[in-house]
>>> print(open('target25.txt').read())   # compact mmCIF, C-alpha atoms
# COMPACT_ATOMS: atom_id res chain seq x y z
CA MET A 1 -28.78 104.32 -3.03
CA LEU A 2 -32.44 103.32 -2.94
CA ILE A 3 -32.75 104.52 0.66
CA ALA A 4 -31.17 107.86 -0.22
CA VAL A 5 -33.65 108.31 -3.07
CA ALA A 6 -36.54 107.43 -0.75
CA LEU A 7 -35.39 110.03 1.78
CA LEU A 8 -35.18 112.69 -0.91
CA VAL A 9 -38.56 111.92 -2.44
CA ALA A 10 -40.35 111.75 0.90
CA SER A 11 -38.94 115.00 2.35
CA GLY A 12 -41.30 117.64 3.70
CA TRP A 13 -42.66 115.68 6.65
CA GLU A 14 -42.09 116.46 10.30
CA VAL A 15 -42.49 114.04 13.19
CA GLY A 16 -42.68 114.46 16.95
CA VAL A 17 -42.50 111.53 19.37
CA ALA A 18 -42.75 111.06 23.13
CA LYS A 19 -43.46 108.46 25.81
CA ARG A 20 -44.90 108.51 29.34
CA SER A 21 -45.45 105.75 31.89
CA ILE A 22 -49.08 104.89 32.63
CA THR A 23 -48.29 102.13 35.13
CA PRO A 24 -50.77 102.42 38.04
CA GLN A 25 -49.30 103.72 41.27
CA GLN A 26 -51.78 101.85 43.49
CA ALA A 27 -53.54 98.50 43.53
CA LEU A 28 -56.22 98.30 40.83
CA TRP A 29 -58.28 95.48 39.37
CA MET A 30 -56.67 94.01 36.26
CA ALA A 31 -58.47 93.98 32.92
CA GLY A 32 -59.09 91.20 30.44
CA TYR A 33 -59.92 88.04 32.40
CA ALA A 34 -62.99 87.18 34.44
CA SER A 35 -61.08 84.57 36.46
CA ARG A 36 -58.98 87.00 38.51
CA THR A 37 -59.72 87.16 42.22
CA GLY A 38 -57.85 90.28 43.33
CA PRO A 39 -56.03 93.45 42.25
CA ALA A 40 -52.52 93.57 40.78
CA THR A 41 -49.68 92.71 43.13
CA GLY A 42 -46.70 94.24 41.32
CA THR A 43 -45.06 95.22 38.03
CA GLU A 44 -43.38 92.94 35.50
CA SER A 45 -42.91 95.67 32.86
CA GLU A 46 -43.94 99.29 32.54
CA LEU A 47 -47.18 100.25 30.84
CA ASN A 48 -46.72 103.25 28.56
CA ALA A 49 -48.48 105.86 26.47
CA ARG A 50 -46.49 106.51 23.30
CA VAL A 51 -47.18 109.38 20.91
CA PHE A 52 -46.28 109.69 17.21
CA ALA A 53 -47.28 113.04 15.68
CA LEU A 54 -47.05 113.97 11.98
CA ARG A 55 -47.43 117.08 9.87
CA ASP A 56 -46.40 117.98 6.32
CA GLY A 57 -46.43 121.77 6.35
CA GLY A 58 -50.20 122.10 5.96
CA LYS A 59 -52.77 122.80 8.64
CA THR A 60 -53.55 119.15 9.35
CA ARG A 61 -51.75 117.12 11.98
CA ALA A 62 -52.08 113.43 12.83
CA VAL A 63 -51.40 112.24 16.38
CA ALA A 64 -51.33 108.53 17.19
CA VAL A 65 -51.43 107.63 20.89
CA ALA A 66 -50.58 103.98 21.63
CA LEU A 67 -51.69 102.74 25.05
CA ASP A 68 -50.68 99.58 26.92
CA LEU A 69 -54.28 98.87 27.93
CA VAL A 70 -56.87 96.19 27.16
CA GLY A 71 -59.22 98.86 25.81
CA ILE A 72 -60.92 102.17 26.47
CA ASP A 73 -64.52 103.29 26.09
CA ALA A 74 -66.07 106.14 24.13
CA GLY A 75 -66.42 108.27 27.24
CA LEU A 76 -62.71 108.24 28.02
CA THR A 77 -61.83 108.89 24.39
CA GLU A 78 -64.16 111.89 24.40
CA ARG A 79 -62.44 113.28 27.51
CA VAL A 80 -58.96 112.82 26.03
CA LYS A 81 -59.86 114.36 22.69
CA LYS A 82 -61.55 117.33 24.33
CA ARG A 83 -58.45 117.95 26.46
CA LEU A 84 -56.17 117.80 23.42
CA PHE A 85 -58.47 120.07 21.40
CA ASP A 86 -58.69 122.63 24.20
CA ARG A 87 -54.94 122.71 24.73
CA TYR A 88 -53.48 122.07 21.25
CA GLY A 89 -56.31 122.65 18.79
CA LEU A 90 -56.34 119.04 17.62
CA SER A 91 -59.60 117.90 16.07
CA GLU A 92 -61.14 114.52 16.90
CA ALA A 93 -60.11 113.16 13.49
CA GLU A 94 -56.49 114.19 14.06
CA ILE A 95 -56.18 112.01 17.18
CA VAL A 96 -56.39 108.23 17.42
CA LEU A 97 -56.18 106.31 20.71
CA ALA A 98 -54.95 102.79 20.00
CA CYS A 99 -54.85 100.06 22.65
CA SER A 100 -52.42 97.14 22.58
CA HIS A 101 -55.05 94.94 24.28
CA THR A 102 -52.67 93.65 26.92
CA HIS A 103 -54.58 91.60 29.49
CA CYS A 104 -52.20 92.69 32.24
CA GLY A 105 -53.25 96.32 32.51
CA PRO A 106 -55.82 98.08 34.71
CA VAL A 107 -59.59 98.27 34.34
CA VAL A 108 -60.44 101.67 32.84
CA GLY A 109 -63.94 103.00 32.27
CA SER A 110 -66.84 100.76 31.29
CA THR A 111 -65.04 98.38 28.92
CA LEU A 112 -66.05 94.78 29.80
CA ARG A 113 -68.16 96.23 32.60
CA SER A 114 -70.02 92.98 33.40
CA MET A 115 -66.80 91.04 33.94
CA TYR A 116 -65.27 92.68 36.99
CA PRO A 117 -66.45 92.42 40.64
CA LEU A 118 -65.48 95.96 41.64
CA ASP A 119 -66.50 97.37 45.00
CA ASP A 120 -66.94 101.11 45.57
CA GLY A 121 -63.30 101.56 46.58
CA LEU A 122 -61.95 99.88 43.46
CA ARG A 123 -64.34 101.86 41.27
CA GLU A 124 -63.10 105.09 42.80
CA ARG A 125 -59.47 104.06 42.22
CA SER A 126 -60.34 103.23 38.62
CA ARG A 127 -61.87 106.69 38.16
CA ALA A 128 -58.77 108.30 39.69
CA TYR A 129 -56.56 106.25 37.37
CA ALA A 130 -58.53 107.54 34.36
CA ASP A 131 -57.71 111.11 35.43
CA TYR A 132 -54.03 110.17 35.77
CA LEU A 133 -54.09 108.47 32.36
CA ILE A 134 -55.49 111.57 30.68
CA ASP A 135 -52.81 113.73 32.32
CA GLN A 136 -50.06 111.40 31.06
CA ILE A 137 -51.46 111.34 27.52
CA ASP A 138 -51.64 115.13 27.63
CA ALA A 139 -48.02 115.41 28.81
CA ALA A 140 -46.75 113.03 26.12
CA THR A 141 -48.72 114.84 23.41
CA LYS A 142 -47.41 118.23 24.54
CA GLU A 143 -43.85 116.92 24.37
CA ALA A 144 -44.33 115.36 20.93
CA LEU A 145 -45.89 118.55 19.51
CA GLY A 146 -42.93 120.52 20.85
CA ARG A 147 -40.35 118.27 19.20
CA TRP A 148 -41.08 118.60 15.48
CA THR A 149 -38.19 117.17 13.48
CA PRO A 150 -37.83 117.08 9.67
CA CYS A 151 -38.16 113.52 8.45
CA SER A 152 -38.91 111.17 5.60
CA LEU A 153 -41.63 108.54 5.78
CA SER A 154 -41.45 105.07 4.28
CA TRP A 155 -43.81 102.11 4.20
CA HIS A 156 -42.55 98.58 4.82
CA MET A 157 -44.05 95.13 5.25
CA GLY A 158 -42.68 92.26 7.31
CA GLU A 159 -43.97 88.89 8.43
CA CYS A 160 -44.21 87.16 11.81
CA GLY A 161 -45.74 83.75 12.44
CA PHE A 162 -46.66 83.24 16.10
CA ALA A 163 -50.36 84.24 15.85
CA VAL A 164 -52.68 81.21 15.83
CA ASN A 165 -56.39 81.12 14.99
CA ARG A 166 -57.81 80.21 18.39
CA ARG A 167 -61.23 79.22 17.07
CA ALA A 168 -59.81 76.63 14.70
CA ASN A 169 -57.10 75.05 16.88
CA LYS A 170 -57.06 73.46 20.34
CA GLU A 171 -54.53 75.32 22.45
CA ALA A 172 -53.08 72.17 24.03
CA GLU A 173 -52.39 70.66 20.60
CA VAL A 174 -50.66 73.66 19.04
CA PRO A 175 -47.10 73.07 20.37
CA ALA A 176 -47.00 69.53 18.96
CA ILE A 177 -48.41 70.65 15.61
CA LYS A 178 -45.82 73.41 15.39
CA ALA A 179 -43.02 71.06 16.41
CA ALA A 180 -44.04 68.63 13.69
CA GLY A 181 -43.96 71.40 11.11
CA LYS A 182 -47.59 70.82 10.21
CA PRO A 183 -49.93 73.65 9.18
CA LEU A 184 -52.38 75.03 11.70
CA ALA A 185 -56.04 75.51 10.83
CA GLY A 186 -58.02 78.68 10.24
CA PRO A 187 -57.35 82.11 8.72
CA VAL A 188 -54.50 84.25 10.07
CA ASP A 189 -52.86 87.54 9.12
CA HIS A 190 -49.11 87.28 9.69
CA ARG A 191 -48.25 90.56 7.98
CA VAL A 192 -46.31 93.20 9.94
CA PRO A 193 -47.05 96.67 8.52
CA VAL A 194 -44.53 99.41 9.39
CA LEU A 195 -44.39 103.17 8.87
CA ALA A 196 -40.89 104.51 9.53
CA ALA A 197 -39.92 108.13 10.18
CA ARG A 198 -36.24 108.86 9.56
CA SER A 199 -34.18 111.98 10.12
CA THR A 200 -32.42 113.68 7.22
CA ASP A 201 -29.29 111.67 8.05
CA GLY A 202 -31.19 108.37 8.02
CA ARG A 203 -31.69 107.74 11.75
CA VAL A 204 -34.96 106.14 12.78
CA LEU A 205 -36.92 108.70 14.80
CA GLY A 206 -40.14 106.79 15.24
CA LEU A 207 -42.05 103.75 14.04
CA LEU A 208 -45.64 102.66 13.77
CA PHE A 209 -45.87 98.87 13.51
CA GLY A 210 -48.70 96.39 13.78
CA TYR A 211 -49.68 92.76 14.17
CA ALA A 212 -53.00 90.93 14.30
CA CYS A 213 -52.87 88.90 17.51
CA HIS A 214 -54.29 89.09 21.03
CA ALA A 215 -51.86 90.27 23.72
CA THR A 216 -52.74 87.32 25.95
CA THR A 217 -49.45 85.55 26.50
CA LEU A 218 -49.78 86.31 30.21
CA SER A 219 -52.63 86.08 32.70
CA PHE A 220 -50.93 86.63 36.06
CA ASP A 221 -51.43 89.39 38.64
CA ARG A 222 -48.60 91.75 37.66
CA TRP A 223 -48.69 94.78 35.37
CA CYS A 224 -47.16 93.89 32.04
CA ALA A 225 -47.39 95.21 28.47
CA ASP A 226 -47.09 91.64 27.12
CA TYR A 227 -45.44 90.97 23.76
CA PRO A 228 -46.38 94.37 22.20
CA GLY A 229 -44.59 96.23 24.98
CA PHE A 230 -41.56 93.97 24.81
CA ALA A 231 -41.45 94.52 21.02
CA SER A 232 -41.61 98.30 21.39
CA THR A 233 -38.91 98.30 24.06
CA SER A 234 -36.65 96.08 21.95
CA LEU A 235 -37.03 98.37 18.93
CA GLU A 236 -36.34 101.45 21.04
CA GLY A 237 -33.12 99.78 22.14
CA LEU A 238 -32.22 99.01 18.54
CA TYR A 239 -32.94 102.60 17.44
CA PRO A 240 -31.71 104.87 20.28
CA GLY A 241 -33.87 107.94 20.76
CA ALA A 242 -36.76 106.52 18.72
CA THR A 243 -40.30 105.94 19.97
CA CYS A 244 -41.95 102.83 18.53
CA LEU A 245 -45.74 102.44 18.66
CA PHE A 246 -47.62 99.16 18.36
CA LEU A 247 -51.01 99.20 16.63
CA ALA A 248 -53.04 96.05 17.25
CA GLY A 249 -54.49 94.59 14.06
CA CYS A 250 -57.68 92.62 13.49
CA GLY A 251 -56.61 89.80 15.78
CA ALA A 252 -59.72 89.25 17.91
CA ASP A 253 -59.72 85.52 17.07
CA GLN A 254 -55.92 85.12 17.18
CA ASN A 255 -53.77 84.08 20.14
CA PRO A 256 -50.00 83.81 20.72
CA LEU A 257 -49.56 80.08 21.25
CA PRO A 258 -48.11 78.48 23.29
CA ARG A 259 -48.33 80.99 26.14
CA ARG A 260 -48.48 81.73 29.89
CA THR A 261 -44.80 82.45 30.65
CA VAL A 262 -42.86 85.72 30.72
CA ALA A 263 -40.16 84.06 28.63
CA LEU A 264 -42.69 83.38 25.87
CA ALA A 265 -44.03 86.96 26.03
CA LYS A 266 -40.50 88.33 25.71
CA GLY A 267 -39.75 85.84 22.95
CA TYR A 268 -42.80 86.84 20.91
CA GLY A 269 -41.94 90.50 21.45
CA GLU A 270 -38.41 89.95 20.20
CA GLU A 271 -39.65 87.91 17.24
CA LEU A 272 -41.99 90.74 16.27
CA ALA A 273 -39.29 93.37 16.80
CA GLN A 274 -36.89 91.47 14.54
CA SER A 275 -39.59 91.22 11.87
CA VAL A 276 -39.99 95.00 12.03
CA ALA A 277 -36.24 95.61 11.97
CA LYS A 278 -35.74 93.34 8.95
CA ALA A 279 -38.52 95.13 7.09
CA VAL A 280 -37.14 98.57 7.92
CA ALA A 281 -33.62 97.55 6.86
CA LYS A 282 -34.86 97.03 3.30
CA PRO A 283 -35.80 99.89 0.95
CA GLY A 284 -39.39 100.90 1.57
CA LEU A 285 -42.04 102.79 -0.34
CA ALA A 286 -41.45 106.52 0.12
CA MET A 287 -44.48 108.51 1.24
CA PRO A 288 -44.89 111.86 -0.54
CA LYS A 289 -46.34 114.86 1.27
CA GLY A 290 -50.07 114.79 1.78
CA LEU A 291 -52.12 114.29 4.94
CA VAL A 292 -55.90 113.85 5.15
CA VAL A 293 -57.82 112.72 8.25
CA SER A 294 -61.39 111.52 8.71
CA LEU A 295 -63.59 110.19 11.52
CA LYS A 296 -67.21 109.09 11.36
CA SER A 297 -69.44 106.75 13.33
CA VAL A 298 -71.52 104.07 11.64
CA ALA A 299 -74.61 102.59 13.30
CA LEU A 300 -73.75 98.90 13.60
CA PRO A 301 -77.04 97.00 13.96
CA LEU A 302 -77.78 94.75 16.92
CA ALA A 303 -80.14 91.77 16.88
CA ALA A 304 -83.42 91.87 18.80
CA ALA A 305 -82.95 92.80 22.46
CA PRO A 306 -84.21 90.62 25.33
CA THR A 307 -87.55 91.48 26.90
CA VAL A 308 -87.88 92.80 30.45
CA ALA A 309 -89.15 89.37 31.47
CA ASP A 310 -86.04 87.78 29.95
CA LEU A 311 -83.79 90.20 31.82
CA GLU A 312 -85.58 89.64 35.13
CA GLN A 313 -85.14 85.91 34.74
CA GLN A 314 -81.44 86.31 33.88
CA ALA A 315 -80.91 88.69 36.80
CA SER A 316 -81.92 85.98 39.26
CA GLY A 317 -80.12 83.17 37.46
CA LYS A 318 -76.97 81.24 38.39
CA ASP A 319 -74.75 82.67 35.63
CA LYS A 320 -73.19 85.61 37.49
CA TYR A 321 -72.01 87.39 34.34
CA LEU A 322 -75.37 87.08 32.60
CA ALA A 323 -77.02 88.22 35.84
CA SER A 324 -74.66 91.18 36.12
CA ARG A 325 -75.47 92.32 32.59
CA ALA A 326 -79.20 91.85 33.16
CA ARG A 327 -79.15 93.93 36.35
CA THR A 328 -77.24 96.70 34.57
CA LEU A 329 -79.67 96.73 31.64
CA LEU A 330 -82.67 96.71 33.96
CA ALA A 331 -81.20 99.67 35.84
CA ASP A 332 -80.74 101.46 32.50
CA LEU A 333 -84.39 100.85 31.66
CA LYS A 334 -85.48 102.10 35.08
CA ARG A 335 -83.62 105.35 34.42
CA GLY A 336 -85.52 105.72 31.16
CA GLN A 337 -82.63 104.63 28.96
CA PRO A 338 -83.89 102.22 26.26
CA LEU A 339 -81.91 99.17 25.24
CA ARG A 340 -79.67 99.72 22.24
CA THR A 341 -80.78 98.66 18.78
CA ASP A 342 -77.43 99.64 17.27
CA TYR A 343 -74.06 101.00 18.34
CA PRO A 344 -72.22 104.13 17.09
CA PHE A 345 -69.05 102.42 15.89
CA PRO A 346 -66.04 104.69 15.19
CA VAL A 347 -64.38 104.39 11.77
CA GLN A 348 -61.31 106.62 11.55
CA ALA A 349 -58.99 106.88 8.56
CA TRP A 350 -55.85 108.79 7.63
CA ARG A 351 -54.21 109.14 4.27
CA ILE A 352 -50.49 109.60 4.87
CA GLY A 353 -48.91 110.20 1.49
CA ASN A 354 -50.21 107.20 -0.46
CA LEU A 355 -50.94 105.07 2.62
CA ASN A 356 -54.54 104.37 3.60
CA LEU A 357 -54.49 103.78 7.36
CA VAL A 358 -57.81 102.71 8.90
CA PHE A 359 -58.53 102.62 12.65
CA LEU A 360 -61.49 100.55 13.83
CA GLY A 361 -63.04 100.31 17.27
CA GLY A 362 -63.91 97.06 18.97
CA GLU A 363 -62.22 93.68 18.82
CA VAL A 364 -62.28 92.94 15.11
CA VAL A 365 -61.73 89.39 13.82
CA VAL A 366 -59.11 88.58 11.21
CA ASP A 367 -61.60 88.10 8.35
CA TYR A 368 -61.91 91.88 8.11
CA SER A 369 -58.21 92.61 7.61
CA LEU A 370 -57.93 89.86 5.01
CA ARG A 371 -60.97 91.14 3.13
CA LEU A 372 -60.10 94.83 3.37
CA ALA A 373 -56.55 94.12 2.18
CA LYS A 374 -58.13 93.13 -1.13
CA GLU A 375 -60.67 95.96 -1.29
CA ILE A 376 -58.74 99.03 -0.07
CA PRO A 377 -56.25 100.54 -2.54
CA GLU A 378 -52.67 99.64 -1.62
CA PRO A 379 -50.73 100.45 0.42
CA ALA A 380 -53.29 99.85 3.15
CA TRP A 381 -53.27 99.10 6.87
CA VAL A 382 -56.21 98.27 9.15
CA ALA A 383 -55.84 98.57 12.93
CA SER A 384 -58.37 97.61 15.60
CA TYR A 385 -58.90 98.32 19.33
CA CYS A 386 -59.01 102.06 18.59
CA ASN A 387 -61.02 104.84 20.27
CA ASP A 388 -63.76 102.61 21.71
CA VAL A 389 -63.47 98.90 22.52
CA MET A 390 -67.15 98.12 23.00
CA ALA A 391 -67.40 94.49 21.84
CA TYR A 392 -66.08 91.80 19.55
CA ILE A 393 -66.81 92.51 15.89
CA PRO A 394 -67.42 89.16 14.15
CA SER A 395 -67.53 88.66 10.42
CA LYS A 396 -70.65 87.11 8.91
CA ARG A 397 -68.88 83.73 9.04
CA VAL A 398 -67.93 84.01 12.72
CA LEU A 399 -71.35 85.39 13.66
CA LYS A 400 -73.00 82.39 12.03
CA GLU A 401 -70.64 79.98 13.79
CA GLY A 402 -71.34 81.62 17.16
CA GLY A 403 -69.12 80.90 20.13
CA TYR A 404 -67.30 83.50 22.20
CA GLU A 405 -66.30 85.94 19.45
CA GLY A 406 -69.59 85.50 17.63
CA ALA A 407 -72.07 85.72 20.50
CA THR A 408 -71.33 85.12 24.19
CA SER A 409 -68.67 87.82 24.60
CA MET A 410 -71.47 90.40 24.32
CA ILE A 411 -72.49 89.39 27.86
CA TYR A 412 -69.16 90.59 29.28
CA TYR A 413 -69.27 93.80 27.25
CA GLY A 414 -72.76 94.57 28.55
CA LEU A 415 -74.49 94.97 25.19
CA PRO A 416 -78.06 93.63 25.12
CA ALA A 417 -77.76 91.33 22.10
CA SER A 418 -75.47 89.93 19.43
CA TRP A 419 -74.83 91.85 16.22
CA ARG A 420 -77.33 91.53 13.40
CA ASP A 421 -76.33 89.23 10.55
CA ASP A 422 -75.53 92.12 8.19
CA VAL A 423 -72.89 93.64 10.50
CA GLU A 424 -70.00 92.79 8.14
CA ARG A 425 -71.74 94.35 5.14
CA VAL A 426 -72.51 97.53 7.06
CA LEU A 427 -69.01 97.91 8.52
CA VAL A 428 -67.07 97.09 5.35
CA GLY A 429 -69.29 99.45 3.37
CA SER A 430 -68.57 102.25 5.83
CA VAL A 431 -64.81 101.63 5.73
CA LEU A 432 -64.70 101.63 1.93
CA GLU A 433 -66.73 104.84 1.83
CA ARG A 434 -64.36 106.50 4.33
CA VAL A 435 -61.35 105.50 2.23
CA ARG A 436 -63.00 106.60 -1.02
CA GLN A 437 -63.78 110.04 0.39
CA LEU A 438 -60.30 110.26 1.90
CA ASN A 439 -58.70 109.73 -1.49
CA GLN A 440 -60.95 112.34 -3.11
CA SER A 441 -60.09 115.01 -0.54
CA PRO A 442 -57.22 117.47 -1.05
CA ALA A 443 -54.39 117.15 1.46
CA GLY A 444 -53.56 119.74 4.07
CA GLN A 445 -57.10 121.01 4.62
>>> encode(input="target25.txt", output="structure tokens")
Amino acid sequence: MLIAVALLVASGWEVGVAKRSITPQQALWMAGYASRTGPATGTESELNARVFALRDGGKTRAVAVALDLVGIDAGLTERVKKRLFDRYGLSEAEIVLACSHTHCGPVVGSTLRSMYPLDDGLRERSRAYADYLIDQIDAATKEALGRWTPCSLSWHMGECGFAVNRRANKEAEVPAIKAAGKPLAGPVDHRVPVLAARSTDGRVLGLLFGYACHATTLSFDRWCADYPGFASTSLEGLYPGATCLFLAGCGADQNPLPRRTVALAKGYGEELAQSVAKAVAKPGLAMPKGLVVSLKSVALPLAAAPTVADLEQQASGKDKYLASRARTLLADLKRGQPLRTDYPFPVQAWRIGNLNLVFLGGEVVVDYSLRLAKEIPEPAWVASYCNDVMAYIPSKRVLKEGGYEGATSMIYYGLPASWRDDVERVLVGSVLERVRQLNQSPAGQ
């Protein structure tokens, strides 16, 4: 009875869904790990682009594109959004490109540019793959926009416990701690947010679901969507005809532990899928009509950049990644391009009925989702790895502690310095302002 009431109250929405393979058709360098020594050798599971499009009868549409990739850069996002505007009239704010952050996908664009030893041939293949990727996203979007189906929308929340704070726990010790039933250290976010679109007869047409954890179960040399892809595939088997999109949460300091086997990746995917299914099986919060979209960049401040003398010294040093970044930055300077003092960080937000859905770029640590859950009006959902994965985004705590997420990862991302110590204040302030303006704007504009 409760479900029937929810369907009635939430009527007026339409959804369109679609899926296309984005698995590379030739050998490419794999993204995510500096330790790899060669291109991919095969396919363990398909990589996909999934599309979930919404409208409520007004002029505004919202199109989520979920990609089985480690990340994309601002340049690729700009190309995709221009294509979709030119062909379908979608504004930049109406489109979000969300990456699962699988570490078994291809290198695309400049993300983690200092990490990969690409020769000219591999760079050219990577550029060709980007063209193919855009074509596949376009095809999936066209299909979704041509399949509008009346639906209801409902908000659900599940829980899943395999994410472990990797900064606070030693990986080798985690299995024994779990086996003993003892608590692990450090903050985590085990919530599983879900937005479900159902047909007028109650069938699941599409799902958005999320989880705050790195997709790093696997590190081998085969294409694989890791646990997010296995979760989506499992849910699509459970709900025939549905398309189920994973949105990575603020899990930059979270790992699935233990790891490193396909069985574990499939197991985590199934565990997450069951968490979603259990949540969806219970009555959810019906979303009334009303769709507002927003996108704005905030200048996230960087700390003081190295001097030319510093860069020249690093460029001739023994650390090959530091040297690679230094050579790139020196080349930028030679072309007349000054070193960055800040970064234009994308903050995108949608209000879907009563739901405040925020999409952040970068690799955002869990402190942000825990804080924003308290400061954004409920229901709220914060996703990361969206539109531009340019660096880790540490909280003030993590920045002060340092380490990979707080400092040294900037070398691999090619940025000249760490973030300034007020980065959390600036970013949270921008998010709250986006949400405030979103909730003051009339829907359907």
>>> closest_atom_pairs(input="target25.txt", of="segment 101-218 of chain A", to="segment 245-266 of chain A", cutoff="12 Å", atoms="only C-alpha atoms", output="CSV")
residue,atom,partner,partner_atom,distance
A:His101,CA,A:Ala248,CA,7.4
A:Thr102,CA,A:Ala248,CA,10.0
A:His103,CA,A:Arg260,CA,11.6
A:Cys104,CA,A:Val262,CA,11.8
A:Cys160,CA,A:Pro256,CA,11.1
A:Gly161,CA,A:Pro256,CA,9.3
A:Phe162,CA,A:Pro256,CA,5.7
A:Ala163,CA,A:Pro256,CA,4.9
A:Val164,CA,A:Gln254,CA,5.3
A:Asn165,CA,A:Gln254,CA,4.6
A:Arg166,CA,A:Gln254,CA,5.4
A:Arg167,CA,A:Asp253,CA,6.5
A:Ala168,CA,A:Asp253,CA,9.2
A:Asn169,CA,A:Leu257,CA,10.1
A:Lys170,CA,A:Leu257,CA,10.0
A:Glu171,CA,A:Leu257,CA,7.0
A:Ala172,CA,A:Pro258,CA,8.1
A:Glu173,CA,A:Pro258,CA,9.3
A:Val174,CA,A:Leu257,CA,6.9
A:Pro175,CA,A:Pro258,CA,6.2
A:Ala176,CA,A:Pro258,CA,10.0
A:Ile177,CA,A:Pro258,CA,11.0
A:Lys178,CA,A:Leu257,CA,9.6
A:Ala179,CA,A:Pro258,CA,11.3
A:Leu184,CA,A:Leu257,CA,11.2
A:Ala185,CA,A:Gln254,CA,11.5
A:Gly186,CA,A:Gln254,CA,9.7
A:Pro187,CA,A:Gln254,CA,9.1
A:Val188,CA,A:Gln254,CA,7.3
A:Asp189,CA,A:Gly251,CA,8.0
A:His190,CA,A:Gly251,CA,10.0
A:Arg191,CA,A:Gly249,CA,9.6
A:Val192,CA,A:Gly249,CA,9.3
A:Pro193,CA,A:Leu247,CA,9.4
A:Val194,CA,A:Phe246,CA,9.5
A:Leu195,CA,A:Leu245,CA,9.9
A:Ala196,CA,A:Leu245,CA,10.5
A:Ala197,CA,A:Leu245,CA,11.8
A:Leu205,CA,A:Leu245,CA,11.5
A:Gly206,CA,A:Leu245,CA,7.9
A:Leu207,CA,A:Leu245,CA,6.1
A:Leu208,CA,A:Leu245,CA,4.9
A:Phe209,CA,A:Phe246,CA,5.2
A:Gly210,CA,A:Leu247,CA,4.6
A:Tyr211,CA,A:Gly249,CA,5.1
A:Ala212,CA,A:Gly249,CA,4.0
A:Cys213,CA,A:Gly251,CA,4.2
A:His214,CA,A:Asn255,CA,5.1
A:Ala215,CA,A:Pro256,CA,7.4
A:Thr216,CA,A:Asn255,CA,6.7
A:Thr217,CA,A:Arg259,CA,4.7
A:Leu218,CA,A:Arg260,CA,4.8
>>> residues_around(input="target25.txt", residues="segment 221-232 of chain A", least_positions_apart="6", cutoff="7 Å", atoms="all atoms listed in the file", output="PDB file with C-alpha atoms, in the frame of the given file")
ATOM      1  CA  ALA A  40     -52.520  93.570  40.780  1.00  0.00           C
ATOM      2  CA  THR A  41     -49.680  92.710  43.130  1.00  0.00           C
ATOM      3  CA  GLY A  42     -46.700  94.240  41.320  1.00  0.00           C
ATOM      4  CA  THR A  43     -45.060  95.220  38.030  1.00  0.00           C
ATOM      5  CA  GLU A  44     -43.380  92.940  35.500  1.00  0.00           C
ATOM      6  CA  SER A  45     -42.910  95.670  32.860  1.00  0.00           C
ATOM      7  CA  GLU A  46     -43.940  99.290  32.540  1.00  0.00           C
ATOM      8  CA  LEU A  47     -47.180 100.250  30.840  1.00  0.00           C
ATOM      9  CA  ASP A  68     -50.680  99.580  26.920  1.00  0.00           C
ATOM     10  CA  SER A 100     -52.420  97.140  22.580  1.00  0.00           C
ATOM     11  CA  THR A 102     -52.670  93.650  26.920  1.00  0.00           C
ATOM     12  CA  CYS A 104     -52.200  92.690  32.240  1.00  0.00           C
ATOM     13  CA  GLY A 105     -53.250  96.320  32.510  1.00  0.00           C
ATOM     14  CA  ALA A 215     -51.860  90.270  23.720  1.00  0.00           C
ATOM     15  CA  CYS A 244     -41.950 102.830  18.530  1.00  0.00           C
ATOM     16  CA  LEU A 245     -45.740 102.440  18.660  1.00  0.00           C
ATOM     17  CA  PHE A 246     -47.620  99.160  18.360  1.00  0.00           C
ATOM     18  CA  ALA A 265     -44.030  86.960  26.030  1.00  0.00           C
ATOM     19  CA  LYS A 266     -40.500  88.330  25.710  1.00  0.00           C
ATOM     20  CA  TYR A 268     -42.800  86.840  20.910  1.00  0.00           C
ATOM     21  CA  GLY A 269     -41.940  90.500  21.450  1.00  0.00           C
ATOM     22  CA  GLU A 270     -38.410  89.950  20.200  1.00  0.00           C
ATOM     23  CA  LEU A 272     -41.990  90.740  16.270  1.00  0.00           C
ATOM     24  CA  ALA A 273     -39.290  93.370  16.800  1.00  0.00           C
TER      25      ALA A 273
END
>>> atom_distance(input="target25.txt", atom1="atom CA of Arg340 of chain A", atom2="atom CA of Arg397 of chain A")
23.4 Å
>>> residues_around(input="target25.txt", residues="Thr307 of chain A", least_positions_apart="5", cutoff="12 Å", atoms="only C-alpha atoms", output="NGL selection string")
:A and (312-314 or 326 or 329-330 or 333 or 338-339 or 416-417)
>>> residues_around(input="target25.txt", residues="segment 384-393 of chain A", least_positions_apart="3", cutoff="6 Å", atoms="all atoms listed in the file", output="PyMOL selection string")
chain A and resi 71-74+77+97-99+248-250+359-364+405+413
>>> axis_aligned_box(input="target25.txt", around="segment 81-95 of chain A", padding_each_side="5 Å", output="AutoDock Vina command-line options")
--center_x -57.5 --center_y 117.4 --center_z 20.0 --size_x 18.1 --size_y 20.7 --size_z 23.0
>>> residues_around(input="target25.txt", residues="Gln440 of chain A", least_positions_apart="3", cutoff="12 Å", atoms="all atoms listed in the file", output="PDB file with C-alpha atoms, in the frame of the given file")
ATOM      1  CA  VAL A 292     -55.900 113.850   5.150  1.00  0.00           C
ATOM      2  CA  VAL A 293     -57.820 112.720   8.250  1.00  0.00           C
ATOM      3  CA  SER A 294     -61.390 111.520   8.710  1.00  0.00           C
ATOM      4  CA  ARG A 351     -54.210 109.140   4.270  1.00  0.00           C
ATOM      5  CA  GLU A 433     -66.730 104.840   1.830  1.00  0.00           C
ATOM      6  CA  ARG A 434     -64.360 106.500   4.330  1.00  0.00           C
ATOM      7  CA  VAL A 435     -61.350 105.500   2.230  1.00  0.00           C
ATOM      8  CA  ARG A 436     -63.000 106.600  -1.020  1.00  0.00           C
ATOM      9  CA  GLN A 437     -63.780 110.040   0.390  1.00  0.00           C
ATOM     10  CA  ALA A 443     -54.390 117.150   1.460  1.00  0.00           C
TER      11      ALA A 443
END
